[in-house]
Protein chains: 2
Amino acid sequence: LGAGDAPVFPRIAIVGLGLIGGSIALAARQRWPGVRLVAVDEKPILTEALSRQVVDASAETVAGLPEVDLVVLAAPVRKNIEILSQLADTLHGPAVITDVGGTKQAIQEAAAHLPSPLTFVGGHPLGGGAHAGLAFARADLFDQRPWIFTPFTDQPASAVEQLSRFAAALGALPVTISAAEHDRIMAFLSHLPQLTASALMETVGQAVGAHGLGLAGGGLLDTTRLASSPASVWRDVCATNADAIGTALDRLIEQLGKLRADLERGQSVEEVFSSASKWRAELIKK
Amino acid sequence: LGAGDAPVFPRIAIVGLGLIGGSIALAARQRWPGVRLVAVDEKPILTEALSRQVVDASAETVAGLPEVDLVVLAAPVRKNIEILSQLADTLHGPAVITDVGGTKQAIQEAAAHLPSPLTFVGGHPLGGGAHAGLAFARADLFDQRPWIFTPFTDQPASAVEQLSRFAAALGALPVTISAAEHDRIMAFLSHLPQLTASALMETVGQAVGAHGLGLAGGGLLDTTRLASSPASVWRDVCATNADAIGTALDRLIEQLGKLRADLERGQSVEEVFSSASKWRAELIKK
């Protein structure tokens with residue numbers, strides 16, 4: 001398929017023009033120059049987006065949205081849930097609604113009672129980068145990266161199929177799993193590394209101070225790269241996946257405790273390091 | 001000073017030709033083409049080093065070393081301590097001995113009884129990279145990176161001054177602190193990130209398996225980059241800095257526990273993330 005074919009969704013609303021929302025706008029425009037894009041966000045971001053021609057139109061609230069074929073909710077998770085409940089008053093559809101949040105069960109519960117002809121399918125593109133915000137958005141953010149969809153079990157296939165074509169057209173690799181499986185696995189793959197990086201940076205900063213950080217090597221830089229992530233996004237992720245994240249934190253604390261109990265003898269260090277370096281080799285292969 | 005000036009140490013022995021030892025050899029040769037370099041390591045590594053002309057001569061044990069002006073101990077910490085005790089039988093000096101290990105108090109205790117005219121000054125160049133071994137050694141590994149020396153309080157300044165000139169000539173920024181301060185600060189800046197990365201990789205790998213790792217994003221990759229580090233080096237670091245590392249692990253576990261206790265409400269997430277992102281900004285400035 002080339003750039004000249006008809007868009008999967010001719011009219012798209014994007015609620016929240018951050019790194020992900022902005023990148024979806026840029027990627028959709030690049031793929032289908034004629035696609036109609038409307039954004040909802042705060043005034044200064046809309047002004048920037050319009051002047052850069054990232055979108056064609058804007059609204060400060062979802063109440064101001066025109067009829068569209070797709071709504072992408074790209075704000076923090078609980079904001080997306082709040083907006084979802086307002087969409088039924090604004091859109092008469094038919095329209096597909098998806099989101100890009102880091103947890104899926106909470107929004108799917110909220111979406112279970114959405115009136116037809118609005119159809120919700122949870123989504124989670126695994127692009128993302130060290131820096132948040134529209135300024136860092138790029139059309140190739142999703143290239144060759146998984147884009148997860150988490151349909152309801154009783155859901156008609158057409159909306160999922162349309163969204164999968166949409167994600168693939170933006171360069172991503174669409175994957176379908178259940179919302180529960182998504183949240184369980186992302187607690188380990190995404191949420192735990194984020195909490196670990198922030199907790200580590202806080203621990204080290206408190207202990208050595210700004211002056212001491214001058215003696216840090218590349219290892220600390222790599223390990224704490226995620227620690228500049230915005231708190232607002234992660235508060236919502238933690239609140240909506242607390243059980244699975246709690247389990248993941250417990251397991252990490254257990255591993256750290258195992259190392260701590262045996263630092264002098266080093267048997268646990270040997271075991272954990274040997275095993276971890278094998279997992280790391282698996283990770284790099286992907 | 002250009003490449004033509006006289007070497008600080010005309011004859012150098014390097015015990016352990018890994019990433020650091022190998023990079024010191026390459027950097028010294030580049031800085032002073034006429035410097036005489038002899039290496040101690042296992043046979044296959046010596047064969048590689050001689051064929052690549054990284055060093056001029058080799059010995060399989062320190063007993064086979066000729067008289068030199070500087071010995072650099074670049075094996076794991078406890079191996080360095082063992083070798084240090086053998087040097088007095090081999091070298092009649094005067095010679096300066098330094099090491100490049102990640103902990104300093106243990107080797108300084110062992111070096112306290114070294115007979116003159118051998119002079120020991122602990123050292124720790126903060127170069128280093130994600131990959132270990134001679135294959136990854138490079139002459140510019142120390143460029144603009146701190147190289148810490150931890151002299152005894154009653155030590156004559158000349159050996160420290162010579163080593164500082166040596167480190168600076170190899171591109172590094174020499175820094176002098178006490179061994180105790182080094183070990184306390186490195187427990188947080190270096191040892192804790194390493195243990196955290198390995199524990200995190202092990203926790204995530206165990207939970208999601210090799211298949212699940214296919215859905216990992218760049219965040220997990222960054223946060224676990226250190227998890228491919230060799231266990232042998234880190235067993236020695238942990239064993240010789242167990243008290244300070246134990247304290248650092250306790251503080252991290254405490255931060256993780258604080259986050260874990262408050263995932264739903266998110267007040268701790270807000271506090272830790274906001275503070276951590278400020279520390280991260282400080283870290284990047286350095």
# chains A, B, ... in the order shown; residues from 1 in each chain; ligands from 1
$ interface_residues --of "chain A" --to "chain B" --cutoff "6 Å" --atoms "only C-alpha atoms" --output "ChimeraX atom specification"
/A:188-189,193,198-199,201-205,213-214,216,220,222-223,227-228,231,235,238-239,242,246,252,255,260,263-264,266,270,273,276-277,279,283,286
$ residues_around --residues "Leu141 in chain A" --least-positions-apart "6" --cutoff "9 Å" --atoms "only C-alpha atoms" --output "list of chain:residue names"
A:Leu19, A:Ile20, A:Ser23, A:Ile24, A:Ala27, A:Gly127, A:Gly128, A:Gly129, A:Leu170, A:Gly171, A:Ala172
$ write_last_selection --atoms "C-alpha atoms" --output "mmCIF file, in the first residue's frame"
data_model
loop_
_atom_site.group_PDB
_atom_site.id
_atom_site.type_symbol
_atom_site.label_atom_id
_atom_site.label_comp_id
_atom_site.auth_asym_id
_atom_site.auth_seq_id
_atom_site.Cartn_x
_atom_site.Cartn_y
_atom_site.Cartn_z
ATOM 1 C CA LEU A 19 4.664 12.325 22.335
ATOM 2 C CA ILE A 20 2.277 9.509 21.378
ATOM 3 C CA SER A 23 3.360 11.074 16.665
ATOM 4 C CA ILE A 24 0.073 9.422 15.604
ATOM 5 C CA ALA A 27 2.409 9.425 11.048
ATOM 6 C CA GLY A 127 6.798 3.319 20.794
ATOM 7 C CA GLY A 128 7.777 5.917 23.296
ATOM 8 C CA GLY A 129 11.031 7.598 24.062
ATOM 9 C CA LEU A 170 1.663 3.737 10.566
ATOM 10 C CA GLY A 171 4.557 1.259 10.531
ATOM 11 C CA ALA A 172 3.703 -0.713 13.684
#
$ select_by_dssp --residues "range 80-168 of chain A" --states "strand (DSSP E)" --output "mmCIF file with N, CA and C atoms, in the first residue's frame"
data_model
loop_
_atom_site.group_PDB
_atom_site.id
_atom_site.type_symbol
_atom_site.label_atom_id
_atom_site.label_comp_id
_atom_site.auth_asym_id
_atom_site.auth_seq_id
_atom_site.Cartn_x
_atom_site.Cartn_y
_atom_site.Cartn_z
ATOM 1 N N ALA A 95 -18.524 5.423 15.186
ATOM 2 C CA ALA A 95 -17.118 5.793 15.342
ATOM 3 C C ALA A 95 -16.406 4.737 16.171
ATOM 4 N N VAL A 96 -15.138 4.561 15.875
ATOM 5 C CA VAL A 96 -14.280 3.683 16.677
ATOM 6 C C VAL A 96 -13.511 4.564 17.656
ATOM 7 N N ILE A 97 -13.413 4.109 18.882
ATOM 8 C CA ILE A 97 -12.623 4.833 19.891
ATOM 9 C C ILE A 97 -11.522 3.891 20.379
ATOM 10 N N THR A 98 -10.299 4.389 20.422
ATOM 11 C CA THR A 98 -9.216 3.607 21.013
ATOM 12 C C THR A 98 -8.440 4.522 21.952
ATOM 13 N N ASP A 99 -7.523 3.963 22.701
ATOM 14 C CA ASP A 99 -6.673 4.773 23.570
ATOM 15 C C ASP A 99 -5.246 4.268 23.439
ATOM 16 N N LEU A 118 -20.979 3.627 18.993
ATOM 17 C CA LEU A 118 -19.580 3.873 19.341
ATOM 18 C C LEU A 118 -18.956 2.540 19.751
ATOM 19 N N THR A 119 -17.773 2.262 19.215
ATOM 20 C CA THR A 119 -17.107 0.989 19.499
ATOM 21 C C THR A 119 -15.742 1.273 20.111
ATOM 22 N N PHE A 120 -15.480 0.759 21.303
ATOM 23 C CA PHE A 120 -14.181 0.965 21.947
ATOM 24 C C PHE A 120 -13.310 -0.282 21.840
ATOM 25 N N VAL A 121 -12.053 -0.076 21.465
ATOM 26 C CA VAL A 121 -11.043 -1.137 21.515
ATOM 27 C C VAL A 121 -9.806 -0.537 22.187
ATOM 28 N N GLY A 122 -9.391 -1.080 23.288
ATOM 29 C CA GLY A 122 -8.200 -0.582 23.972
ATOM 30 C C GLY A 122 -6.947 -0.814 23.139
ATOM 31 N N GLY A 123 -6.006 0.126 23.216
ATOM 32 C CA GLY A 123 -4.765 -0.001 22.454
ATOM 33 C C GLY A 123 -3.569 0.479 23.253
ATOM 34 N N HIS A 124 -2.385 0.050 22.860
ATOM 35 C CA HIS A 124 -1.156 0.467 23.524
ATOM 36 C C HIS A 124 0.021 0.329 22.562
ATOM 37 N N PRO A 125 0.358 1.428 21.874
ATOM 38 C CA PRO A 125 1.538 1.382 20.995
ATOM 39 C C PRO A 125 2.806 1.421 21.844
ATOM 40 N N PRO A 146 5.773 -3.109 18.355
ATOM 41 C CA PRO A 146 4.443 -3.677 18.600
ATOM 42 C C PRO A 146 3.417 -2.583 18.951
ATOM 43 N N TRP A 147 2.189 -2.781 18.481
ATOM 44 C CA TRP A 147 1.060 -1.919 18.884
ATOM 45 C C TRP A 147 -0.018 -2.895 19.350
ATOM 46 N N ILE A 148 -0.220 -2.938 20.648
ATOM 47 C CA ILE A 148 -1.102 -3.947 21.243
ATOM 48 C C ILE A 148 -2.547 -3.460 21.223
ATOM 49 N N PHE A 149 -3.474 -4.369 20.843
ATOM 50 C CA PHE A 149 -4.904 -4.109 21.014
ATOM 51 C C PHE A 149 -5.477 -5.167 21.947
ATOM 52 N N THR A 150 -6.446 -4.733 22.777
ATOM 53 C CA THR A 150 -6.993 -5.626 23.800
ATOM 54 C C THR A 150 -8.517 -5.646 23.698
#
$ closest_residue --among "A:Gly34, A:Gly93, A:Ala13, A:Gln105" --to "Gly64 in chain A" --atoms "only C-alpha atoms"
A:Ala13
$ select_by_dssp --residues "range 107-277 of chain A" --states "helix (DSSP H, G or I)" --output "number ranges by chain"
A: 107-111, 134-136, 157-169, 179-215, 218-223, 225-228, 231-240, 242-260, 267-277
$ atom_distance --atom1 "CA of Gly101 in chain B" --atom2 "CA of Val77 in chain B"
5.4 Å
$ atom_distance --atom1 "CA of Ser51 in chain B" --atom2 "CA of Ala63 in chain B"
22.7 Å
$ closest_residue --among "A:Gly16, A:Pro117, A:Ser164, A:Ala139" --to "Lys79 in chain A" --atoms "only C-alpha atoms"
A:Gly16
$ atom_distance --atom1 "CA of Ala57 in chain B" --atom2 "CA of Ala169 in chain B"
22.6 Å
$ closest_residue --among "B:Gln86, B:Gln144, B:Gln162, B:Gln155" --to "Gln108 in chain B" --atoms "only C-alpha atoms"
B:Gln155
$ residues_around --residues "Gly133 in chain A" --least-positions-apart "4" --cutoff "8 Å" --atoms "only C-alpha atoms" --output "PDB file with all heavy atoms, in the first residue's frame"
ATOM      1  N   LEU A  17      -2.166  15.803  22.740  1.00  0.00           N
ATOM      2  CA  LEU A  17      -1.098  15.828  21.726  1.00  0.00           C
ATOM      3  C   LEU A  17       0.265  15.805  22.397  1.00  0.00           C
ATOM      4  O   LEU A  17       1.048  16.749  22.289  1.00  0.00           O
ATOM      5  CB  LEU A  17      -1.226  17.074  20.853  1.00  0.00           C
ATOM      6  CG  LEU A  17      -2.162  16.992  19.646  1.00  0.00           C
ATOM      7  CD1 LEU A  17      -2.021  18.257  18.804  1.00  0.00           C
ATOM      8  CD2 LEU A  17      -1.872  15.772  18.783  1.00  0.00           C
ATOM      9  N   GLY A  18       0.567  14.744  23.098  1.00  0.00           N
ATOM     10  CA  GLY A  18       1.900  14.568  23.664  1.00  0.00           C
ATOM     11  C   GLY A  18       2.779  13.813  22.677  1.00  0.00           C
ATOM     12  O   GLY A  18       2.556  13.864  21.465  1.00  0.00           O
ATOM     13  N   LEU A  19       3.764  13.098  23.204  1.00  0.00           N
ATOM     14  CA  LEU A  19       4.664  12.325  22.335  1.00  0.00           C
ATOM     15  C   LEU A  19       3.889  11.330  21.472  1.00  0.00           C
ATOM     16  O   LEU A  19       4.094  11.265  20.252  1.00  0.00           O
ATOM     17  CB  LEU A  19       5.687  11.568  23.189  1.00  0.00           C
ATOM     18  CG  LEU A  19       6.630  10.654  22.405  1.00  0.00           C
ATOM     19  CD1 LEU A  19       7.594  11.465  21.551  1.00  0.00           C
ATOM     20  CD2 LEU A  19       7.418   9.751  23.353  1.00  0.00           C
ATOM     21  N   GLY A  22       0.836  13.131  19.362  1.00  0.00           N
ATOM     22  CA  GLY A  22       1.468  13.935  18.309  1.00  0.00           C
ATOM     23  C   GLY A  22       2.092  13.064  17.230  1.00  0.00           C
ATOM     24  O   GLY A  22       1.995  13.363  16.031  1.00  0.00           O
ATOM     25  N   ALA A 137       7.589  14.481  19.212  1.00  0.00           N
ATOM     26  CA  ALA A 137       6.791  13.584  18.366  1.00  0.00           C
ATOM     27  C   ALA A 137       7.471  13.388  17.010  1.00  0.00           C
ATOM     28  O   ALA A 137       8.093  14.301  16.488  1.00  0.00           O
ATOM     29  CB  ALA A 137       5.400  14.175  18.184  1.00  0.00           C
TER      30      ALA A 137
END
$ decode --residues "range 40-56 of chain A" --atoms "N, CA, C and O atoms" --output "tab-separated table (two decimals), in the first residue's frame"
chain	number	residue	atom	x	y	z
A	40	VAL	N	-7.69	17.68	20.52
A	40	VAL	CA	-8.18	18.29	21.76
A	40	VAL	C	-6.99	18.33	22.72
A	40	VAL	O	-6.34	17.31	22.95
A	41	ASP	N	-6.71	19.52	23.24
A	41	ASP	CA	-5.65	19.65	24.24
A	41	ASP	C	-5.75	21.05	24.84
A	41	ASP	O	-6.73	21.76	24.57
A	42	GLU	N	-4.74	21.43	25.58
A	42	GLU	CA	-4.77	22.80	26.12
A	42	GLU	C	-4.35	23.79	25.04
A	42	GLU	O	-3.62	23.44	24.11
A	43	LYS	N	-4.82	25.02	25.23
A	43	LYS	CA	-4.65	26.08	24.23
A	43	LYS	C	-3.21	26.22	23.68
A	43	LYS	O	-3.02	26.23	22.46
A	44	PRO	N	-2.18	26.33	24.53
A	44	PRO	CA	-0.82	26.56	23.99
A	44	PRO	C	-0.36	25.40	23.09
A	44	PRO	O	0.32	25.63	22.09
A	45	ILE	N	-0.75	24.18	23.45
A	45	ILE	CA	-0.35	23.03	22.64
A	45	ILE	C	-1.09	23.03	21.31
A	45	ILE	O	-0.51	22.75	20.25
A	46	LEU	N	-2.37	23.40	21.33
A	46	LEU	CA	-3.14	23.48	20.08
A	46	LEU	C	-2.56	24.56	19.17
A	46	LEU	O	-2.45	24.35	17.95
A	47	THR	N	-2.18	25.68	19.74
A	47	THR	CA	-1.58	26.76	18.94
A	47	THR	C	-0.31	26.26	18.25
A	47	THR	O	-0.12	26.48	17.05
A	48	GLU	N	0.53	25.55	19.02
A	48	GLU	CA	1.77	25.00	18.43
A	48	GLU	C	1.44	24.00	17.33
A	48	GLU	O	2.02	24.02	16.24
A	49	ALA	N	0.45	23.11	17.61
A	49	ALA	CA	0.11	22.05	16.65
A	49	ALA	C	-0.46	22.63	15.35
A	49	ALA	O	-0.15	22.17	14.25
A	50	LEU	N	-1.30	23.65	15.48
A	50	LEU	CA	-1.89	24.26	14.29
A	50	LEU	C	-0.82	25.01	13.49
A	50	LEU	O	-0.79	24.92	12.26
A	51	SER	N	0.06	25.72	14.18
A	51	SER	CA	1.06	26.50	13.45
A	51	SER	C	2.06	25.58	12.76
A	51	SER	O	2.57	25.91	11.69
A	52	ARG	N	2.32	24.40	13.36
A	52	ARG	CA	3.21	23.42	12.69
A	52	ARG	C	2.43	22.55	11.71
A	52	ARG	O	2.99	21.62	11.13
A	53	GLN	N	1.14	22.77	11.58
A	53	GLN	CA	0.26	21.97	10.70
A	53	GLN	C	0.28	20.48	11.04
A	53	GLN	O	0.15	19.63	10.16
A	54	VAL	N	0.45	20.19	12.33
A	54	VAL	CA	0.36	18.80	12.80
A	54	VAL	C	-1.09	18.31	12.68
A	54	VAL	O	-1.34	17.15	12.38
A	55	VAL	N	-2.04	19.22	12.93
A	55	VAL	CA	-3.47	18.91	12.78
A	55	VAL	C	-4.14	20.02	11.97
A	55	VAL	O	-3.57	21.11	11.78
A	56	ASP	N	-5.39	19.72	11.52
A	56	ASP	CA	-6.13	20.69	10.69
A	56	ASP	C	-7.04	21.58	11.51
A	56	ASP	O	-7.40	22.67	11.09
